[in-house]
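Presented below is the structure to which this report refers.
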Amino acid sequence: MKSSLLSLFLLSIICTTSCGHGEEDSFPTFPALPIPETLLFDNLLSFDYYHQRCPQLEQIIHTKLKQWVAKDHTLAASLLRLHFHDCFATGCDASILLNHEGSERRAEASKTLRGFQVIDDIKAEVEKSCPAIVSCTDILTAATRDATVLLGGPYWRVPYGRKDSRISNAKDAEMVPSGRESITTLLELFQSRGLNFIDLVVLSGAHTIGRTSCGAIQHRLYQGLNGTSSMPNPPLDDHYLDFLQRKCRCASGDYVDLDATTPTTFDSQFYANLQKNMGLLSTDQMLYSDPRTSPIVNSLIGTPSLFIHQFSASMVRLANIQVLSGLDEAGEIRTNCNFVNSYNN
């Protein structure tokens, strides 16, 4: 009963219009989630921001991204992770793309991030058509949306007008969740960025695709939550644990799929895995055991379409974290995503 009521609650706060999926051979044009006007105009973001100055922007991004993912399908999931790291550190400002000593990109917490070359390639193509018009932040945001579509996930409209940060500090990369926090800590982190407990559960569902390194889960396989037990805590299915320990013996350089069941499909199977104690990351498995988040997980298991709709809404909210826009002097439109303009000039 609780799960059914929560499903109705989720439906009441998300899009009632179908969000659709992308077509393989043409740019997707599908109805998307309505976004409150305050979300757009409080930060001077709008859907038609580049309509006059760079009308071909989305087509350039879609075409380039499709070429990259055709060569390496894992890049799609990498872009979702790159976008999350950018927004969660100091807001969605492309600070993660700045490449200099002491930047977020050079931090230990960012060493496994990928996809930088994809954004560089898209930016170079955009600069040919619309020089000094489109920010790296907006390109990363839209590329993340298109990557989701290419994986079989939902399409949503992206409001534009973000500027790029001139500052990037390695210590800020440590603010991004590592997969070893408690649910309380995660809830506090999300709330401090204007997100809520539904966003936490739904954005964690991005782990329906992507991988993690064996080295990153050694604590999960051989220690309890506080390092006091030889058994995983929260628990892992015995057969799954045996598979992981054999694959990741001696902290090998191998990678493991975050979704052991449908690792290349964007779906809600991730949540069903938690029901079977097959959450690879501790923070993922705890979503099912914590009473504050488990009702949402159960609703997403019972009504898979909820995940597709709510993921779009939560991604829009994520991309609105502490954006630089309008006349904000702290931001700029970088001509090269790796460096601030003073360096480029």
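By order of appearance in the structure tokens: chains A, B, ..., then residues from 1 within every chain, and ligands from 1 in the order shown.
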
**Prompt:** If we count only C-alpha atoms, what is near Asp284 (chain A) at a cut-off of 8 Å, once residues fewer than 4 positions away on the same chain are taken out, given as a list of chain:residue names?
**Reply:** A:Gly179, A:Ser204, A:Leu274, A:Gly279, A:Leu280, A:Tyr288

Let's see if you can do this: from backbone DSSP, list all helix (DSSP H, G or I) residues in region 72-279 of chain A, as a compact mmCIF listing (two decimals) with N, CA, C and O atoms, in the first residue's frame.
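Result file states_8.txt:
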# COMPACT_ATOMS: atom_id res chain seq x y z
N THR A 74 31.05 3.18 -24.13
CA THR A 74 31.20 3.48 -22.70
C THR A 74 31.32 4.98 -22.44
O THR A 74 31.16 5.43 -21.30
N LEU A 75 31.59 5.75 -23.47
CA LEU A 75 31.72 7.20 -23.29
C LEU A 75 30.40 7.86 -22.90
O LEU A 75 30.39 8.91 -22.24
N ALA A 76 29.29 7.25 -23.28
CA ALA A 76 27.99 7.83 -22.93
C ALA A 76 27.81 7.87 -21.42
O ALA A 76 27.46 8.91 -20.84
N ALA A 77 28.08 6.76 -20.75
CA ALA A 77 27.99 6.73 -19.29
C ALA A 77 29.03 7.64 -18.65
O ALA A 77 28.77 8.28 -17.62
N SER A 78 30.20 7.73 -19.27
CA SER A 78 31.26 8.58 -18.73
C SER A 78 30.85 10.04 -18.72
O SER A 78 31.22 10.80 -17.82
N LEU A 79 30.08 10.46 -19.72
CA LEU A 79 29.64 11.85 -19.78
C LEU A 79 28.63 12.16 -18.68
O LEU A 79 28.64 13.26 -18.11
N LEU A 80 27.76 11.22 -18.37
CA LEU A 80 26.84 11.42 -17.26
C LEU A 80 27.62 11.63 -15.96
O LEU A 80 27.29 12.52 -15.15
N ARG A 81 28.64 10.84 -15.77
CA ARG A 81 29.45 10.95 -14.55
C ARG A 81 30.22 12.27 -14.53
O ARG A 81 30.33 12.93 -13.49
N LEU A 82 30.74 12.67 -15.68
CA LEU A 82 31.49 13.93 -15.77
C LEU A 82 30.59 15.12 -15.42
O LEU A 82 30.98 16.03 -14.68
N HIS A 83 29.39 15.11 -15.94
CA HIS A 83 28.42 16.18 -15.67
C HIS A 83 28.07 16.21 -14.18
O HIS A 83 27.99 17.29 -13.57
N PHE A 84 27.85 15.04 -13.58
CA PHE A 84 27.52 14.98 -12.16
C PHE A 84 28.66 15.54 -11.31
O PHE A 84 28.43 16.33 -10.39
N HIS A 85 29.89 15.17 -11.63
CA HIS A 85 31.04 15.67 -10.87
C HIS A 85 31.15 17.18 -11.00
O HIS A 85 31.48 17.88 -10.03
N ASP A 86 30.90 17.69 -12.20
CA ASP A 86 30.98 19.13 -12.40
C ASP A 86 29.95 19.86 -11.55
O ASP A 86 30.29 20.79 -10.81
N CYS A 87 28.70 19.42 -11.62
CA CYS A 87 27.62 20.12 -10.91
C CYS A 87 27.71 19.96 -9.40
O CYS A 87 27.38 20.88 -8.65
N PHE A 88 28.15 18.81 -8.94
CA PHE A 88 28.11 18.54 -7.50
C PHE A 88 29.25 19.22 -6.74
O PHE A 88 29.12 19.46 -5.54
N ALA A 89 30.33 19.54 -7.41
CA ALA A 89 31.46 20.15 -6.71
C ALA A 89 31.16 21.60 -6.34
O ALA A 89 30.98 21.93 -5.16
N THR A 90 31.07 22.47 -7.32
CA THR A 90 30.82 23.89 -7.05
C THR A 90 29.69 24.45 -7.89
O THR A 90 29.57 25.67 -8.05
N SER A 95 33.86 23.83 -14.35
CA SER A 95 35.14 23.92 -13.63
C SER A 95 35.90 22.60 -13.70
O SER A 95 37.13 22.58 -13.63
N ILE A 96 35.17 21.49 -13.88
CA ILE A 96 35.81 20.18 -13.99
C ILE A 96 36.63 20.06 -15.27
O ILE A 96 37.54 19.23 -15.36
N LEU A 97 36.35 20.90 -16.27
CA LEU A 97 37.04 20.81 -17.55
C LEU A 97 38.36 21.58 -17.57
O LEU A 97 39.20 21.33 -18.44
N GLU A 104 40.24 20.82 -10.32
CA GLU A 104 39.39 19.67 -10.00
C GLU A 104 39.75 18.47 -10.87
O GLU A 104 39.78 17.33 -10.42
N ARG A 105 40.02 18.75 -12.13
CA ARG A 105 40.33 17.69 -13.09
C ARG A 105 41.59 16.93 -12.70
O ARG A 105 41.69 15.72 -12.98
N ARG A 106 42.54 17.59 -12.06
CA ARG A 106 43.80 16.94 -11.67
C ARG A 106 43.72 16.29 -10.29
O ARG A 106 44.69 15.67 -9.83
N GLU A 108 42.75 13.75 -7.15
CA GLU A 108 42.73 12.30 -7.02
C GLU A 108 41.31 11.76 -7.26
O GLU A 108 41.13 10.72 -7.89
N ALA A 109 40.31 12.48 -6.76
CA ALA A 109 38.92 12.04 -6.90
C ALA A 109 38.43 12.06 -8.34
O ALA A 109 37.40 11.46 -8.65
N SER A 110 39.18 12.73 -9.21
CA SER A 110 38.75 12.86 -10.61
C SER A 110 39.57 12.01 -11.57
O SER A 110 39.35 12.07 -12.79
N PHE A 116 36.50 13.98 -21.61
CA PHE A 116 36.98 15.35 -21.85
C PHE A 116 37.20 15.60 -23.35
O PHE A 116 36.88 16.67 -23.86
N GLN A 117 37.73 14.59 -24.04
CA GLN A 117 38.03 14.78 -25.46
C GLN A 117 36.76 14.93 -26.29
O GLN A 117 36.77 15.58 -27.34
N VAL A 118 35.67 14.34 -25.82
CA VAL A 118 34.39 14.47 -26.52
C VAL A 118 33.91 15.92 -26.46
O VAL A 118 33.50 16.50 -27.47
N ILE A 119 33.97 16.50 -25.27
CA ILE A 119 33.54 17.90 -25.11
C ILE A 119 34.46 18.83 -25.90
O ILE A 119 33.99 19.79 -26.52
N ASP A 120 35.76 18.56 -25.89
CA ASP A 120 36.69 19.38 -26.66
C ASP A 120 36.35 19.35 -28.15
O ASP A 120 36.39 20.38 -28.83
N ASP A 121 36.02 18.18 -28.65
CA ASP A 121 35.71 18.02 -30.07
C ASP A 121 34.42 18.77 -30.42
O ASP A 121 34.33 19.46 -31.45
N ILE A 122 33.40 18.62 -29.57
CA ILE A 122 32.14 19.32 -29.80
C ILE A 122 32.36 20.83 -29.75
O ILE A 122 31.87 21.58 -30.62
N LYS A 123 33.10 21.28 -28.76
CA LYS A 123 33.36 22.72 -28.60
C LYS A 123 34.07 23.28 -29.82
O LYS A 123 33.71 24.37 -30.32
N ALA A 124 35.06 22.57 -30.34
CA ALA A 124 35.80 23.04 -31.52
C ALA A 124 34.87 23.19 -32.71
O ALA A 124 34.98 24.16 -33.48
N GLU A 125 33.94 22.25 -32.88
CA GLU A 125 32.99 22.32 -33.99
C GLU A 125 32.01 23.47 -33.80
O GLU A 125 31.66 24.18 -34.75
N VAL A 126 31.55 23.66 -32.57
CA VAL A 126 30.63 24.76 -32.28
C VAL A 126 31.30 26.10 -32.52
O VAL A 126 30.68 27.03 -33.07
N GLU A 127 32.57 26.21 -32.14
CA GLU A 127 33.29 27.49 -32.33
C GLU A 127 33.40 27.86 -33.81
O GLU A 127 33.44 29.04 -34.15
N LYS A 128 33.43 26.86 -34.69
CA LYS A 128 33.49 27.16 -36.12
C LYS A 128 32.23 27.87 -36.59
O LYS A 128 32.28 28.75 -37.45
N SER A 129 31.10 27.47 -36.04
CA SER A 129 29.81 28.04 -36.47
C SER A 129 29.38 29.22 -35.62
O SER A 129 28.76 30.16 -36.13
N CYS A 136 30.99 26.13 -22.42
CA CYS A 136 31.36 24.72 -22.24
C CYS A 136 30.37 24.03 -21.31
O CYS A 136 30.07 22.84 -21.47
N THR A 137 29.84 24.78 -20.35
CA THR A 137 28.87 24.22 -19.40
C THR A 137 27.62 23.78 -20.12
O THR A 137 27.09 22.69 -19.88
N ASP A 138 27.11 24.63 -21.01
CA ASP A 138 25.91 24.26 -21.77
C ASP A 138 26.17 23.08 -22.69
O ASP A 138 25.30 22.22 -22.88
N ILE A 139 27.36 23.03 -23.27
CA ILE A 139 27.69 21.90 -24.15
C ILE A 139 27.72 20.60 -23.35
O ILE A 139 27.15 19.58 -23.77
N LEU A 140 28.36 20.60 -22.18
CA LEU A 140 28.42 19.41 -21.35
C LEU A 140 27.02 18.98 -20.90
O LEU A 140 26.68 17.79 -20.89
N THR A 141 26.18 19.95 -20.56
CA THR A 141 24.81 19.65 -20.11
C THR A 141 24.00 19.00 -21.22
O THR A 141 23.33 17.98 -21.01
N ALA A 142 24.05 19.57 -22.42
CA ALA A 142 23.29 19.01 -23.55
C ALA A 142 23.86 17.68 -24.01
O ALA A 142 23.11 16.77 -24.38
N ALA A 143 25.18 17.55 -23.98
CA ALA A 143 25.81 16.29 -24.39
C ALA A 143 25.42 15.17 -23.43
O ALA A 143 25.23 14.02 -23.86
N THR A 144 25.26 15.49 -22.16
CA THR A 144 24.83 14.50 -21.18
C THR A 144 23.42 14.03 -21.48
O THR A 144 23.12 12.82 -21.40
N ARG A 145 22.55 14.97 -21.83
CA ARG A 145 21.18 14.60 -22.22
C ARG A 145 21.20 13.68 -23.44
O ARG A 145 20.52 12.64 -23.45
N ASP A 146 21.97 14.05 -24.46
CA ASP A 146 22.00 13.23 -25.68
C ASP A 146 22.64 11.87 -25.42
O ASP A 146 22.26 10.87 -26.03
N ALA A 147 23.62 11.82 -24.51
CA ALA A 147 24.23 10.53 -24.15
C ALA A 147 23.19 9.61 -23.51
O ALA A 147 23.15 8.41 -23.78
N THR A 148 22.34 10.19 -22.67
CA THR A 148 21.27 9.42 -22.03
C THR A 148 20.33 8.83 -23.08
O THR A 148 19.92 7.67 -23.01
N VAL A 149 19.98 9.64 -24.08
CA VAL A 149 19.09 9.19 -25.15
C VAL A 149 19.74 8.05 -25.94
O VAL A 149 19.09 7.04 -26.25
N LEU A 150 21.03 8.20 -26.25
CA LEU A 150 21.72 7.15 -27.01
C LEU A 150 21.79 5.84 -26.24
O LEU A 150 21.87 4.76 -26.83
N ALA A 170 41.31 21.73 -6.80
CA ALA A 170 41.30 20.28 -6.59
C ALA A 170 40.52 19.88 -5.35
O ALA A 170 39.83 18.86 -5.34
N LYS A 171 40.59 20.67 -4.30
CA LYS A 171 39.92 20.30 -3.05
C LYS A 171 38.40 20.23 -3.21
O LYS A 171 37.72 19.49 -2.50
N ASP A 172 37.86 20.98 -4.17
CA ASP A 172 36.41 20.95 -4.39
C ASP A 172 35.94 19.61 -4.94
O ASP A 172 34.78 19.24 -4.76
N ALA A 173 36.82 18.88 -5.61
CA ALA A 173 36.45 17.58 -6.17
C ALA A 173 36.13 16.58 -5.06
O ALA A 173 35.42 15.59 -5.29
N GLU A 174 36.65 16.83 -3.86
CA GLU A 174 36.40 15.93 -2.73
C GLU A 174 34.96 16.02 -2.22
O GLU A 174 34.53 15.20 -1.42
N MET A 175 34.21 17.03 -2.68
CA MET A 175 32.83 17.20 -2.25
C MET A 175 31.88 16.24 -2.96
O MET A 175 30.73 16.09 -2.56
N ILE A 183 23.65 7.16 4.20
CA ILE A 183 22.50 7.79 3.56
C ILE A 183 22.24 9.16 4.16
O ILE A 183 21.90 10.12 3.45
N THR A 184 22.44 9.30 5.45
CA THR A 184 22.27 10.61 6.09
C THR A 184 23.20 11.64 5.50
O THR A 184 22.80 12.76 5.18
N THR A 185 24.46 11.26 5.32
CA THR A 185 25.43 12.18 4.72
C THR A 185 25.03 12.55 3.30
O THR A 185 25.10 13.71 2.90
N LEU A 186 24.60 11.56 2.53
CA LEU A 186 24.18 11.81 1.15
C LEU A 186 22.97 12.74 1.10
O LEU A 186 22.93 13.67 0.28
N LEU A 187 22.00 12.50 1.98
CA LEU A 187 20.83 13.37 2.01
C LEU A 187 21.21 14.81 2.33
O LEU A 187 20.70 15.76 1.72
N GLU A 188 22.13 14.97 3.26
CA GLU A 188 22.58 16.31 3.62
C GLU A 188 23.31 16.97 2.45
O GLU A 188 23.14 18.17 2.18
N LEU A 189 24.14 16.20 1.74
CA LEU A 189 24.85 16.73 0.58
C LEU A 189 23.88 17.17 -0.51
O LEU A 189 24.01 18.24 -1.08
N PHE A 190 22.90 16.33 -0.78
CA PHE A 190 21.93 16.65 -1.83
C PHE A 190 21.09 17.85 -1.44
O PHE A 190 20.85 18.75 -2.27
N GLN A 191 20.64 17.89 -0.20
CA GLN A 191 19.81 19.01 0.24
C GLN A 191 20.58 20.33 0.21
O GLN A 191 20.02 21.38 -0.08
N SER A 192 21.87 20.27 0.50
CA SER A 192 22.68 21.49 0.47
C SER A 192 22.82 22.05 -0.94
O SER A 192 23.21 23.21 -1.12
N PHE A 197 15.36 13.99 -1.46
CA PHE A 197 15.59 12.55 -1.30
C PHE A 197 15.15 11.77 -2.54
O PHE A 197 15.70 10.72 -2.84
N ILE A 198 14.16 12.29 -3.27
CA ILE A 198 13.75 11.63 -4.51
C ILE A 198 14.88 11.75 -5.55
O ILE A 198 15.21 10.79 -6.25
N ASP A 199 15.48 12.94 -5.64
CA ASP A 199 16.60 13.14 -6.56
C ASP A 199 17.75 12.18 -6.23
O ASP A 199 18.39 11.64 -7.13
N LEU A 200 18.02 11.99 -4.94
CA LEU A 200 19.09 11.09 -4.53
C LEU A 200 18.85 9.68 -5.07
O LEU A 200 19.74 9.08 -5.68
N VAL A 201 17.65 9.16 -4.87
CA VAL A 201 17.35 7.80 -5.32
C VAL A 201 17.35 7.71 -6.84
O VAL A 201 17.92 6.77 -7.42
N VAL A 202 16.75 8.68 -7.50
CA VAL A 202 16.60 8.62 -8.95
C VAL A 202 17.93 8.85 -9.66
O VAL A 202 18.25 8.14 -10.63
N LEU A 203 18.72 9.81 -9.23
CA LEU A 203 20.01 10.05 -9.87
C LEU A 203 20.98 8.90 -9.62
O LEU A 203 21.84 8.62 -10.46
N SER A 204 20.82 8.21 -8.50
CA SER A 204 21.63 7.01 -8.27
C SER A 204 21.31 5.95 -9.31
O SER A 204 22.14 5.10 -9.64
N GLY A 205 20.10 6.03 -9.88
CA GLY A 205 19.70 5.09 -10.91
C GLY A 205 20.49 5.22 -12.19
O GLY A 205 20.39 4.35 -13.07
N ALA A 206 21.30 6.28 -12.32
CA ALA A 206 22.21 6.38 -13.46
C ALA A 206 23.20 5.23 -13.46
O ALA A 206 23.84 4.94 -14.48
N HIS A 207 23.33 4.56 -12.32
CA HIS A 207 24.20 3.39 -12.23
C HIS A 207 23.60 2.18 -12.94
O HIS A 207 24.16 1.09 -12.88
N THR A 208 22.48 2.38 -13.62
CA THR A 208 21.95 1.33 -14.48
C THR A 208 22.89 1.09 -15.66
O THR A 208 22.81 0.06 -16.33
N CYS A 214 37.84 -2.23 -10.09
CA CYS A 214 37.94 -3.19 -9.00
C CYS A 214 38.60 -2.56 -7.77
O CYS A 214 38.22 -2.85 -6.63
N GLY A 215 39.56 -1.70 -8.01
CA GLY A 215 40.24 -1.05 -6.89
C GLY A 215 39.30 -0.22 -6.05
O GLY A 215 39.48 -0.09 -4.82
N ALA A 216 38.27 0.35 -6.69
CA ALA A 216 37.35 1.24 -5.97
C ALA A 216 36.37 0.48 -5.08
O ALA A 216 35.71 1.09 -4.23
N ILE A 217 36.25 -0.84 -5.25
CA ILE A 217 35.27 -1.60 -4.46
C ILE A 217 35.91 -2.63 -3.54
O ILE A 217 35.22 -3.49 -3.00
N GLN A 218 37.20 -2.54 -3.34
CA GLN A 218 37.86 -3.51 -2.45
C GLN A 218 37.26 -3.47 -1.04
O GLN A 218 37.04 -4.51 -0.41
N HIS A 219 36.98 -2.26 -0.55
CA HIS A 219 36.39 -2.15 0.79
C HIS A 219 35.01 -2.80 0.84
O HIS A 219 34.60 -3.35 1.86
N ARG A 220 34.31 -2.76 -0.27
CA ARG A 220 32.96 -3.33 -0.35
C ARG A 220 33.01 -4.86 -0.30
O ARG A 220 32.13 -5.51 0.26
N LEU A 221 34.04 -5.42 -0.86
CA LEU A 221 34.14 -6.88 -0.97
C LEU A 221 34.73 -7.55 0.26
O LEU A 221 34.43 -8.73 0.52
N TYR A 222 35.54 -6.81 1.01
CA TYR A 222 36.28 -7.48 2.08
C TYR A 222 36.12 -6.84 3.45
O TYR A 222 36.68 -7.34 4.43
N ASP A 238 25.45 -13.88 -2.11
CA ASP A 238 26.61 -14.77 -2.01
C ASP A 238 27.23 -15.09 -3.37
O ASP A 238 28.45 -15.05 -3.53
N HIS A 239 26.40 -15.41 -4.34
CA HIS A 239 26.93 -15.76 -5.67
C HIS A 239 27.56 -14.54 -6.34
O HIS A 239 28.60 -14.65 -7.00
N TYR A 240 26.94 -13.39 -6.16
CA TYR A 240 27.47 -12.15 -6.73
C TYR A 240 28.79 -11.78 -6.07
O TYR A 240 29.76 -11.40 -6.73
N LEU A 241 28.86 -11.96 -4.75
CA LEU A 241 30.09 -11.68 -4.02
C LEU A 241 31.22 -12.58 -4.50
O LEU A 241 32.36 -12.13 -4.70
N ASP A 242 30.92 -13.86 -4.69
CA ASP A 242 31.94 -14.80 -5.16
C ASP A 242 32.46 -14.39 -6.54
O ASP A 242 33.66 -14.41 -6.79
N PHE A 243 31.54 -13.99 -7.43
CA PHE A 243 31.93 -13.54 -8.76
C PHE A 243 32.85 -12.31 -8.67
O PHE A 243 33.89 -12.24 -9.33
N LEU A 244 32.48 -11.37 -7.83
CA LEU A 244 33.25 -10.12 -7.71
C LEU A 244 34.63 -10.37 -7.11
O LEU A 244 35.63 -9.80 -7.56
N GLN A 245 34.69 -11.23 -6.12
CA GLN A 245 35.98 -11.51 -5.48
C GLN A 245 36.93 -12.23 -6.43
O GLN A 245 38.14 -12.02 -6.39
N ARG A 246 36.38 -13.08 -7.27
CA ARG A 246 37.23 -13.76 -8.26
C ARG A 246 37.69 -12.79 -9.35
O ARG A 246 38.83 -12.84 -9.78
N LYS A 247 36.79 -11.92 -9.78
CA LYS A 247 37.12 -10.97 -10.84
C LYS A 247 38.08 -9.90 -10.36
O LYS A 247 38.96 -9.45 -11.09
N ARG A 249 40.27 -10.01 -7.67
CA ARG A 249 41.31 -10.45 -6.74
C ARG A 249 42.54 -9.56 -6.89
O ARG A 249 42.89 -9.10 -7.97
N CYS A 250 43.14 -9.25 -5.78
CA CYS A 250 44.36 -8.43 -5.74
C CYS A 250 44.14 -7.02 -6.31
O CYS A 250 45.06 -6.41 -6.86
N ALA A 251 42.90 -6.53 -6.17
CA ALA A 251 42.58 -5.17 -6.64
C ALA A 251 43.06 -4.96 -8.07
O ALA A 251 43.74 -3.99 -8.40
N GLN A 269 16.24 -1.70 -13.91
CA GLN A 269 16.72 -2.96 -13.36
C GLN A 269 17.68 -2.74 -12.20
O GLN A 269 17.78 -3.58 -11.29
N PHE A 270 18.36 -1.63 -12.20
CA PHE A 270 19.26 -1.27 -11.11
C PHE A 270 18.56 -1.41 -9.76
O PHE A 270 19.14 -1.93 -8.78
N TYR A 271 17.31 -0.96 -9.67
CA TYR A 271 16.58 -1.01 -8.40
C TYR A 271 16.18 -2.43 -8.04
O TYR A 271 16.21 -2.81 -6.86
N ALA A 272 15.81 -3.22 -9.05
CA ALA A 272 15.48 -4.63 -8.79
C ALA A 272 16.71 -5.37 -8.27
O ALA A 272 16.60 -6.30 -7.45
N ASN A 273 17.88 -4.98 -8.73
CA ASN A 273 19.12 -5.59 -8.24
C ASN A 273 19.30 -5.35 -6.74
O ASN A 273 19.79 -6.22 -6.01
N LEU A 274 18.92 -4.17 -6.28
CA LEU A 274 19.06 -3.85 -4.85
C LEU A 274 18.19 -4.77 -4.01
O LEU A 274 18.57 -5.17 -2.90
N GLN A 275 17.04 -5.12 -4.54
CA GLN A 275 16.13 -6.04 -3.86
C GLN A 275 16.77 -7.41 -3.66
O GLN A 275 16.43 -8.14 -2.73

His51 (chain A) proximity check over A:Ile301, A:Ile333, A:Cys130, A:Val256, using only C-alpha atoms: winner is A:Cys130

* To do: Write down as JSON, numbers by chain the residues belonging to region 228-339 of chain A that are assigned strand (DSSP E) by DSSP computed on the backbone.
  => {"A": [255, 256, 257, 331, 332]}
